[in-house]
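Below: protein-v7.csv (CSV, C-alpha atoms)
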```
chain,number,residue,atom,x,y,z
A,124,MET,CA,-53.0,15.3,20.1
A,125,TYR,CA,-49.9,15.7,17.9
A,126,SER,CA,-48.9,18.9,16.2
A,127,LYS,CA,-47.9,19.1,12.5
A,128,TYR,CA,-44.3,19.5,13.7
A,129,THR,CA,-44.5,16.2,15.6
A,130,TYR,CA,-45.7,14.4,12.4
A,131,TYR,CA,-42.9,16.1,10.4
A,132,ILE,CA,-40.3,14.9,12.9
A,133,TYR,CA,-41.8,11.3,12.8
A,134,ASN,CA,-41.6,11.2,9.1
A,135,VAL,CA,-38.0,12.4,9.0
A,136,VAL,CA,-37.0,9.7,11.6
A,137,LEU,CA,-38.9,7.0,9.6
A,138,ILE,CA,-37.1,8.0,6.4
A,139,VAL,CA,-33.7,7.9,8.2
A,140,VAL,CA,-34.4,4.5,9.7
A,141,LEU,CA,-35.4,3.1,6.3
A,142,ALA,CA,-32.3,4.5,4.7
A,143,LEU,CA,-30.1,2.7,7.3
A,144,LEU,CA,-31.6,-0.8,6.6
A,145,PRO,CA,-29.4,-3.2,4.6
A,146,LEU,CA,-30.1,-3.1,0.9
A,147,ASN,CA,-30.8,-6.8,0.6
A,148,VAL,CA,-33.7,-6.4,3.0
A,149,VAL,CA,-35.6,-4.3,0.5
A,150,GLY,CA,-36.5,-6.0,-2.8
A,151,GLN,CA,-34.1,-9.0,-2.5
A,152,THR,CA,-35.6,-12.2,-4.0
A,153,TYR,CA,-34.7,-15.8,-2.9
A,154,VAL,CA,-35.7,-19.1,-4.4
A,155,THR,CA,-35.2,-22.7,-3.1
A,156,HIS,CA,-34.4,-25.7,-5.2
A,157,GLU,CA,-33.8,-29.3,-3.9
A,158,GLY,CA,-33.0,-28.0,-0.4
A,159,LEU,CA,-30.6,-25.2,-1.5
A,160,ARG,CA,-31.4,-21.5,-1.2
A,161,TYR,CA,-30.4,-19.1,-3.9
A,162,LYS,CA,-30.2,-15.3,-4.1
A,163,VAL,CA,-31.5,-13.9,-7.4
A,164,VAL,CA,-29.3,-11.3,-9.0
A,165,GLU,CA,-30.4,-8.2,-11.0
A,166,ASP,CA,-31.3,-9.8,-14.4
A,167,ALA,CA,-33.6,-12.3,-12.6
A,168,ASP,CA,-32.1,-15.2,-14.7
A,169,ARG,CA,-28.9,-15.8,-12.6
A,170,VAL,CA,-28.5,-16.8,-9.0
A,171,TYR,CA,-25.9,-17.2,-6.2
A,172,LEU,CA,-26.1,-20.1,-3.9
A,173,THR,CA,-26.5,-18.6,-0.4
A,174,ALA,CA,-26.9,-19.7,3.2
A,175,PRO,CA,-30.2,-21.1,4.4
A,176,GLU,CA,-32.6,-18.8,6.1
A,177,SER,CA,-31.9,-20.5,9.4
A,178,GLY,CA,-29.4,-23.2,10.5
A,179,LYS,CA,-26.5,-24.5,8.3
A,180,TYR,CA,-26.1,-26.9,5.4
A,181,SER,CA,-25.0,-30.5,6.0
A,182,GLY,CA,-24.6,-33.8,4.3
A,183,ASP,CA,-24.1,-34.1,0.5
A,184,ILE,CA,-24.2,-30.9,-1.6
A,185,GLU,CA,-24.4,-31.0,-5.4
A,186,ILE,CA,-24.4,-27.6,-7.1
A,187,PRO,CA,-26.1,-27.9,-10.5
A,188,HIS,CA,-25.5,-26.1,-13.7
A,189,GLU,CA,-29.0,-24.7,-13.7
A,190,PHE,CA,-32.6,-25.4,-12.5
A,191,PRO,CA,-36.1,-24.6,-13.7
A,192,LYS,CA,-37.4,-21.1,-13.2
A,193,GLY,CA,-40.7,-21.9,-14.8
A,194,SER,CA,-42.2,-24.0,-17.6
A,195,ASP,CA,-39.9,-22.5,-20.3
A,196,ASP,CA,-37.0,-20.8,-18.5
A,197,THR,CA,-34.2,-21.6,-16.1
A,198,TYR,CA,-32.0,-20.1,-13.4
A,199,SER,CA,-28.3,-20.2,-14.1
A,200,ILE,CA,-26.0,-20.6,-11.0
A,201,ILE,CA,-23.0,-18.3,-11.2
A,202,GLY,CA,-21.4,-18.4,-7.8
A,203,ILE,CA,-21.4,-19.0,-4.1
A,204,ASP,CA,-22.5,-16.1,-1.8
A,205,ILE,CA,-20.4,-14.7,1.1
A,206,ASP,CA,-20.3,-17.0,4.1
A,207,CYS,CA,-22.6,-19.5,2.4
A,208,PHE,CA,-21.0,-22.6,4.0
A,209,ASN,CA,-19.3,-20.9,6.8
A,210,GLY,CA,-18.8,-23.4,9.7
A,211,CYS,CA,-20.8,-26.2,8.0
A,212,THR,CA,-20.0,-29.9,8.3
A,213,LEU,CA,-20.5,-31.5,4.8
A,214,SER,CA,-20.0,-35.1,3.6
A,215,SER,CA,-19.3,-33.9,0.0
A,216,VAL,CA,-19.5,-30.9,-2.3
A,217,THR,CA,-19.7,-31.5,-6.0
A,218,PHE,CA,-20.0,-28.9,-8.8
A,219,ARG,CA,-21.9,-29.0,-12.0
A,220,THR,CA,-21.6,-25.4,-12.7
A,221,MET,CA,-21.5,-22.5,-15.3
A,222,PRO,CA,-18.5,-21.9,-17.5
A,223,ASP,CA,-17.7,-18.9,-15.3
A,224,PHE,CA,-18.2,-19.4,-11.6
A,225,TYR,CA,-17.3,-17.2,-8.6
A,226,PHE,CA,-16.4,-18.1,-5.0
A,227,SER,CA,-17.2,-15.1,-2.8
A,228,THR,CA,-15.3,-14.1,0.3
A,229,SER,CA,-15.3,-16.6,3.1
A,230,CYS,CA,-17.8,-18.8,1.4
A,231,PHE,CA,-16.3,-22.0,2.8
A,232,GLU,CA,-14.5,-20.5,5.8
A,233,GLY,CA,-14.3,-22.8,8.8
A,234,CYS,CA,-16.1,-25.6,6.9
A,235,ASN,CA,-15.4,-29.3,7.5
A,236,ILE,CA,-15.7,-31.2,4.2
A,237,THR,CA,-15.0,-34.9,3.7
A,238,THR,CA,-14.8,-34.7,-0.1
A,239,LEU,CA,-14.6,-31.5,-2.2
A,240,ASP,CA,-14.9,-32.2,-5.9
A,241,LEU,CA,-13.8,-29.3,-8.1
A,242,SER,CA,-12.9,-31.6,-11.1
A,243,TYR,CA,-15.7,-30.1,-13.2
A,244,SER,CA,-13.4,-27.2,-13.6
A,245,ASN,CA,-12.0,-28.8,-16.7
A,246,THR,CA,-14.9,-27.0,-18.4
A,247,THR,CA,-15.4,-24.2,-15.9
A,248,THR,CA,-13.3,-21.1,-15.1
A,249,PHE,CA,-13.4,-20.7,-11.3
A,250,ARG,CA,-12.7,-17.3,-9.9
A,251,TYR,CA,-11.8,-16.8,-6.2
A,252,ALA,CA,-12.2,-14.0,-3.7
A,253,ASN,CA,-10.0,-13.7,-0.6
A,254,ASP,CA,-10.3,-16.3,2.2
A,255,CYS,CA,-12.8,-18.6,0.5
A,256,PHE,CA,-11.2,-21.7,2.1
A,257,LYS,CA,-9.7,-20.1,5.2
A,258,ASP,CA,-9.6,-22.4,8.2
A,259,CYS,CA,-11.4,-25.1,6.1
A,260,THR,CA,-10.7,-28.8,6.7
A,261,ILE,CA,-10.9,-31.0,3.6
A,262,GLY,CA,-10.5,-34.8,3.7
A,263,ASN,CA,-10.1,-35.5,-0.1
A,264,LEU,CA,-9.7,-32.7,-2.6
A,265,ILE,CA,-10.5,-33.6,-6.2
A,266,ILE,CA,-9.4,-31.0,-8.7
A,267,GLY,CA,-9.2,-30.7,-12.5
A,268,GLU,CA,-6.2,-29.6,-14.5
A,269,ASN,CA,-7.7,-26.2,-15.6
A,270,SER,CA,-8.5,-25.1,-12.0
A,271,ILE,CA,-5.4,-22.9,-11.9
A,272,ASP,CA,-6.3,-21.2,-15.1
A,273,ASN,CA,-8.7,-18.5,-13.7
A,274,THR,CA,-9.0,-14.8,-14.2
A,275,GLU,CA,-8.5,-13.8,-10.6
A,276,ARG,CA,-6.6,-15.4,-7.7
A,277,ALA,CA,-5.2,-18.9,-8.1
A,278,ILE,CA,-7.0,-21.7,-6.4
A,279,TRP,CA,-3.7,-23.0,-4.9
A,280,LYS,CA,-3.3,-19.7,-3.0
A,281,GLN,CA,-6.8,-20.0,-1.6
A,282,LEU,CA,-6.5,-23.7,-0.7
A,283,SER,CA,-3.2,-23.0,1.1
A,284,LEU,CA,-5.3,-21.2,3.7
A,285,ALA,CA,-7.2,-24.4,4.6
A,286,THR,CA,-6.3,-25.8,8.0
A,287,SER,CA,-5.7,-29.2,6.6
A,288,ILE,CA,-6.1,-31.3,3.5
A,289,GLY,CA,-5.9,-35.1,3.6
A,290,THR,CA,-5.2,-36.1,0.0
A,291,LEU,CA,-5.1,-34.3,-3.4
A,292,THR,CA,-6.6,-36.2,-6.3
A,293,TYR,CA,-5.5,-34.3,-9.4
A,294,LYS,CA,-7.3,-35.2,-12.7
A,295,HIS,CA,-4.6,-34.3,-15.2
A,296,THR,CA,-3.9,-35.7,-18.6
A,297,ALA,CA,-1.0,-38.1,-19.0
A,298,GLY,CA,2.5,-36.6,-19.4
A,299,PHE,CA,4.6,-33.9,-17.7
A,300,PHE,CA,3.1,-30.8,-16.1
A,301,SER,CA,4.3,-28.1,-13.7
A,302,PHE,CA,3.1,-27.9,-10.2
A,303,VAL,CA,3.7,-25.9,-7.0
A,304,THR,CA,2.9,-27.5,-3.7
A,305,PHE,CA,0.4,-25.4,-1.8
A,306,LYS,CA,0.6,-27.7,1.3
A,307,ASP,CA,3.3,-30.1,2.5
A,308,PHE,CA,3.0,-33.2,0.3
A,309,ASP,CA,4.2,-36.8,0.7
A,310,PHE,CA,5.3,-38.3,-2.7
A,311,SER,CA,6.5,-41.6,-1.2
A,312,THR,CA,3.0,-42.9,-1.2
A,313,ALA,CA,1.6,-41.0,-4.2
A,314,THR,CA,-0.2,-43.0,-6.9
A,315,ASN,CA,0.0,-42.7,-10.7
A,316,VAL,CA,2.4,-39.8,-10.5
A,317,GLU,CA,6.1,-39.2,-10.2
A,318,ALA,CA,7.6,-35.9,-9.0
A,319,TYR,CA,10.9,-34.3,-10.2
A,320,TYR,CA,12.9,-31.1,-9.5
A,321,ALA,CA,15.6,-29.6,-11.6
A,322,THR,CA,19.2,-29.6,-10.3
A,323,THR,CA,21.0,-28.1,-13.3
A,324,ALA,CA,19.9,-26.4,-16.6
A,325,SER,CA,21.8,-25.4,-19.7
A,326,CYS,CA,20.9,-24.2,-23.1
A,327,ASP,CA,24.4,-24.1,-24.6
A,328,ALA,CA,23.8,-25.7,-28.0
A,329,PRO,CA,24.0,-28.5,-28.9
A,330,ASN,CA,23.9,-29.6,-25.2
A,331,THR,CA,20.5,-28.3,-24.3
A,332,LYS,CA,19.4,-30.1,-21.2
A,333,LEU,CA,17.5,-30.0,-17.9
A,334,GLN,CA,18.7,-32.4,-15.3
A,335,LEU,CA,15.8,-33.8,-13.3
A,336,THR,CA,16.0,-35.6,-10.0
A,337,LYS,CA,13.1,-37.7,-8.7
A,338,VAL,CA,11.4,-36.8,-5.4
A,339,THR,CA,10.9,-39.8,-3.2
A,340,GLY,CA,9.8,-38.2,0.1
A,341,LYS,CA,8.0,-35.3,1.7
A,342,VAL,CA,8.4,-31.7,0.4
A,343,LEU,CA,7.4,-28.3,1.9
A,344,ALA,CA,4.6,-26.1,0.7
A,345,GLY,CA,5.8,-23.7,-2.0
A,346,THR,CA,8.0,-26.2,-3.8
A,347,PRO,CA,8.0,-26.0,-7.6
A,348,LEU,CA,8.1,-29.4,-9.3
A,349,PHE,CA,7.5,-31.2,-12.6
A,350,LEU,CA,4.9,-34.0,-12.2
A,351,TYR,CA,4.6,-36.9,-14.6
A,352,ALA,CA,1.3,-38.7,-14.8
A,353,ALA,CA,1.4,-42.2,-16.3
A,354,SER,CA,-2.2,-42.1,-17.5
A,355,ASN,CA,-5.3,-40.0,-17.7
A,356,GLN,CA,-6.8,-41.5,-14.6
A,357,GLY,CA,-5.6,-38.8,-12.4
A,358,CYS,CA,-3.0,-38.9,-9.6
A,359,THR,CA,-3.4,-39.0,-5.9
A,360,ILE,CA,-0.9,-37.3,-3.5
A,361,PRO,CA,-1.3,-37.4,0.3
A,362,CYS,CA,-0.6,-34.3,2.3
A,363,CYS,CA,1.5,-34.6,5.4
A,364,THR,CA,1.8,-32.7,8.7
A,365,THR,CA,5.4,-33.6,9.7
A,366,GLY,CA,8.7,-34.5,8.1
A,367,ALA,CA,8.6,-32.2,5.0
A,368,THR,CA,12.0,-30.9,3.9
A,369,THR,CA,13.4,-28.2,1.5
A,370,LEU,CA,14.9,-29.2,-1.8
A,371,SER,CA,17.9,-27.0,-1.4
A,372,ASP,CA,19.4,-27.6,-4.9
A,373,ASN,CA,16.1,-27.1,-6.8
A,374,CYS,CA,16.6,-24.5,-9.5
A,375,LEU,CA,12.9,-24.3,-10.4
A,376,LYS,CA,11.1,-21.2,-9.4
A,377,GLY,CA,7.4,-21.2,-8.6
A,378,GLU,CA,4.7,-19.3,-6.8
A,379,ILE,CA,1.2,-20.3,-5.9
A,380,ALA,CA,-0.1,-16.8,-6.5
A,381,GLN,CA,1.0,-17.2,-10.2
A,382,SER,CA,3.7,-14.5,-10.1
A,383,TYR,CA,7.4,-14.5,-9.8
A,384,LYS,CA,9.6,-11.4,-9.8
A,385,VAL,CA,12.6,-11.7,-12.2
A,386,THR,CA,15.8,-10.0,-11.1
A,387,ALA,CA,18.6,-8.9,-13.4
A,388,SER,CA,20.9,-11.7,-12.1
A,389,ASP,CA,18.4,-14.5,-12.9
A,390,ASN,CA,19.1,-17.0,-15.6
A,391,ILE,CA,15.7,-17.8,-17.1
A,392,TYR,CA,15.1,-21.0,-19.1
A,393,ALA,CA,12.0,-21.9,-21.0
A,394,LEU,CA,10.8,-25.3,-22.2
A,395,SER,CA,9.4,-25.1,-25.7
A,396,LYS,CA,6.5,-27.3,-26.7
A,397,SER,CA,7.2,-26.8,-30.4
A,398,ASP,CA,10.7,-28.2,-30.6
A,399,LYS,CA,10.8,-29.8,-27.1
A,400,MET,CA,14.0,-27.9,-26.4
A,401,LEU,CA,15.3,-25.7,-23.5
A,402,HIS,CA,15.9,-22.1,-24.5
```
Let me see the file written as structure tokens.
Amino acid sequence: MYSKYTYYIYNVVLIVVLALLPLNVVGQTYVTHEGLRYKVVEDADRVYLTAPESGKYSGDIEIPHEFPKGSDDTYSIIGIDIDCFNGCTLSSVTFRTMPDFYFSTSCFEGCNITTLDLSYSNTTTFRYANDCFKDCTIGNLIIGENSIDNTERAIWKQLSLATSIGTLTYKHTAGFFSFVTFKDFDFSTATNVEAYYATTASCDAPNTKLQLTKVTGKVLAGTPLFLYAASNQGCTIPCCTTGATTLSDNCLKGEIAQSYKVTASDNIYALSKSDKMLH
């Protein structure tokens, strides 16, 4: 027979144990659609793609914009949960996602992906937490020109944490655009693109000029460049593991984290779109 004090102690212990349980154990809702598991967030209309209940994802993964919730409603997919694809081996990952999409911490860490297609980012703002691509191996990375225009950390910074990338397919509109290499790249075998760096600059009127020199070989990660795409088809640039060199006379400044500290001694020049002049 138990005394009332024993019951009191039991109840206290039970309350303490429940309080220590992870929050997602109590009241968390999950749904499955076409083999992918999603965690439902607070408003019950939006979901995060999350890891399967057991095992790991494999094969071809296509992340849709939305999927049916019922006869008259849908779930909107707004991001990838922490560790979702951690350690997976995937043939391809393709996004068809929301205008604002979030990559959680370590969501692709240690993942082996043959083709990662982020080119849908032309209409999507991707936001990135730390280490989302840490130790990831990517065969072919396909990316859209707006992928670096995000509200948090730059995609280049996150992709620089990947163990290796085979080739970058960059779907950019024709013409000149700026680029900072986030891995060692080989421009000797690049297709539909030419790379240039600036050796001299001057804005002393009327001789406003920027002297560009063509890159024909391998350059180190962190090198700022101007790229010229001949058409809207997109350009392909292989990465390399050896032989990359520094462009010692490059007067361009760039940073994959989208920041550069200007010092008092710097001469800063800006290219103007309106008059196509150097200022």
Seminar exercise, completed: Of A:Thr155, A:Thr237, A:Ser287, A:Asn263, the one sitting nearest A:Asp183 when using all atoms listed in the file is A:Thr237
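If only C-alpha atoms are the atoms counted, then among A:Glu189, A:Glu157, A:Glu378, A:Asp372 the closest residue to A:Pro222 is A:Glu189.
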Exercise. Mind listing as a ChimeraX atom specification all residues within 12 Å of (-4.5, -38.7, -10.0), counting all atoms listed in the file?
Worked result: /A:242,263-268,290-298,313-317,350-361
Pull C-alpha atoms from the residues just selected and write them as an mmCIF file, in the coordinates of the input.
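The resulting file, out-v5.cif, is reproduced below:
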```cif
data_model
loop_
_atom_site.group_PDB
_atom_site.id
_atom_site.type_symbol
_atom_site.label_atom_id
_atom_site.label_comp_id
_atom_site.auth_asym_id
_atom_site.auth_seq_id
_atom_site.Cartn_x
_atom_site.Cartn_y
_atom_site.Cartn_z
ATOM 1 C CA SER A 242 -12.900 -31.600 -11.100
ATOM 2 C CA ASN A 263 -10.100 -35.500 -0.100
ATOM 3 C CA LEU A 264 -9.700 -32.700 -2.600
ATOM 4 C CA ILE A 265 -10.500 -33.600 -6.200
ATOM 5 C CA ILE A 266 -9.400 -31.000 -8.700
ATOM 6 C CA GLY A 267 -9.200 -30.700 -12.500
ATOM 7 C CA GLU A 268 -6.200 -29.600 -14.500
ATOM 8 C CA THR A 290 -5.200 -36.100 0.000
ATOM 9 C CA LEU A 291 -5.100 -34.300 -3.400
ATOM 10 C CA THR A 292 -6.600 -36.200 -6.300
ATOM 11 C CA TYR A 293 -5.500 -34.300 -9.400
ATOM 12 C CA LYS A 294 -7.300 -35.200 -12.700
ATOM 13 C CA HIS A 295 -4.600 -34.300 -15.200
ATOM 14 C CA THR A 296 -3.900 -35.700 -18.600
ATOM 15 C CA ALA A 297 -1.000 -38.100 -19.000
ATOM 16 C CA GLY A 298 2.500 -36.600 -19.400
ATOM 17 C CA ALA A 313 1.600 -41.000 -4.200
ATOM 18 C CA THR A 314 -0.200 -43.000 -6.900
ATOM 19 C CA ASN A 315 0.000 -42.700 -10.700
ATOM 20 C CA VAL A 316 2.400 -39.800 -10.500
ATOM 21 C CA GLU A 317 6.100 -39.200 -10.200
ATOM 22 C CA LEU A 350 4.900 -34.000 -12.200
ATOM 23 C CA TYR A 351 4.600 -36.900 -14.600
ATOM 24 C CA ALA A 352 1.300 -38.700 -14.800
ATOM 25 C CA ALA A 353 1.400 -42.200 -16.300
ATOM 26 C CA SER A 354 -2.200 -42.100 -17.500
ATOM 27 C CA ASN A 355 -5.300 -40.000 -17.700
ATOM 28 C CA GLN A 356 -6.800 -41.500 -14.600
ATOM 29 C CA GLY A 357 -5.600 -38.800 -12.400
ATOM 30 C CA CYS A 358 -3.000 -38.900 -9.600
ATOM 31 C CA THR A 359 -3.400 -39.000 -5.900
ATOM 32 C CA ILE A 360 -0.900 -37.300 -3.500
ATOM 33 C CA PRO A 361 -1.300 -37.400 0.300
#
```
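Atom CA of A:Gly210 sits 6.5 Å away from atom CA of A:Glu232.
With distances restricted to all atoms listed in the file, A:Ser311 is the closest residue to A:Lys337 from A:Ser311, A:Thr365, A:Asn209, A:Ser177.
Among the candidate residues A:Val163, A:Leu375, A:Ala344, A:Met221, the one lying nearest to A:Lys280 is A:Ala344, with distances computed using all atoms listed in the file.
Nearest to A:Ser395 of all the residues A:Ala174, A:Asn253, A:Ser199, A:Thr331 is A:Thr331, counting all atoms listed in the file.
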Seminar exercise, completed: note - atom CA of A:Glu165 and atom CA of A:Asp204 are separated by 14.5 Å
For this session: Write out as a ChimeraX atom specification each polymer residue whose atoms come within 12 Å of A:Lys192, counting all atoms listed in the file; drop sequence neighbours fewer than 4 positions from it.
Result: /A:153-156,161,163,167-170,196-200
Any chance you could export the current selection's C-alpha atoms as a compact mmCIF listing (two decimals), in the frame of the given file?
```txt
# COMPACT_ATOMS: atom_id res chain seq x y z
CA TYR A 153 -34.70 -15.80 -2.90
CA VAL A 154 -35.70 -19.10 -4.40
CA THR A 155 -35.20 -22.70 -3.10
CA HIS A 156 -34.40 -25.70 -5.20
CA TYR A 161 -30.40 -19.10 -3.90
CA VAL A 163 -31.50 -13.90 -7.40
CA ALA A 167 -33.60 -12.30 -12.60
CA ASP A 168 -32.10 -15.20 -14.70
CA ARG A 169 -28.90 -15.80 -12.60
CA VAL A 170 -28.50 -16.80 -9.00
CA ASP A 196 -37.00 -20.80 -18.50
CA THR A 197 -34.20 -21.60 -16.10
CA TYR A 198 -32.00 -20.10 -13.40
CA SER A 199 -28.30 -20.20 -14.10
CA ILE A 200 -26.00 -20.60 -11.00
```
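Residues in contact with A:Pro347 at up to 9 Å, not including ones fewer than 3 positions away on its chain and judged by only C-alpha atoms, are Ser301, Phe302, Val303, Thr304, Tyr320, Ala344, Asn373, Cys374, Leu375, Lys376, Gly377 and Glu378 of chain A.
Going from atom CA of A:Phe349 to atom CA of A:Leu401 covers 14.5 Å.
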For this session: Just the residues within 6 Å of A:Phe310, please, counting all atoms listed in the file, with nothing from its chain fewer than 2 positions along; format it as a PyMOL selection string.
Result: chain A and resi 312-313+339-341
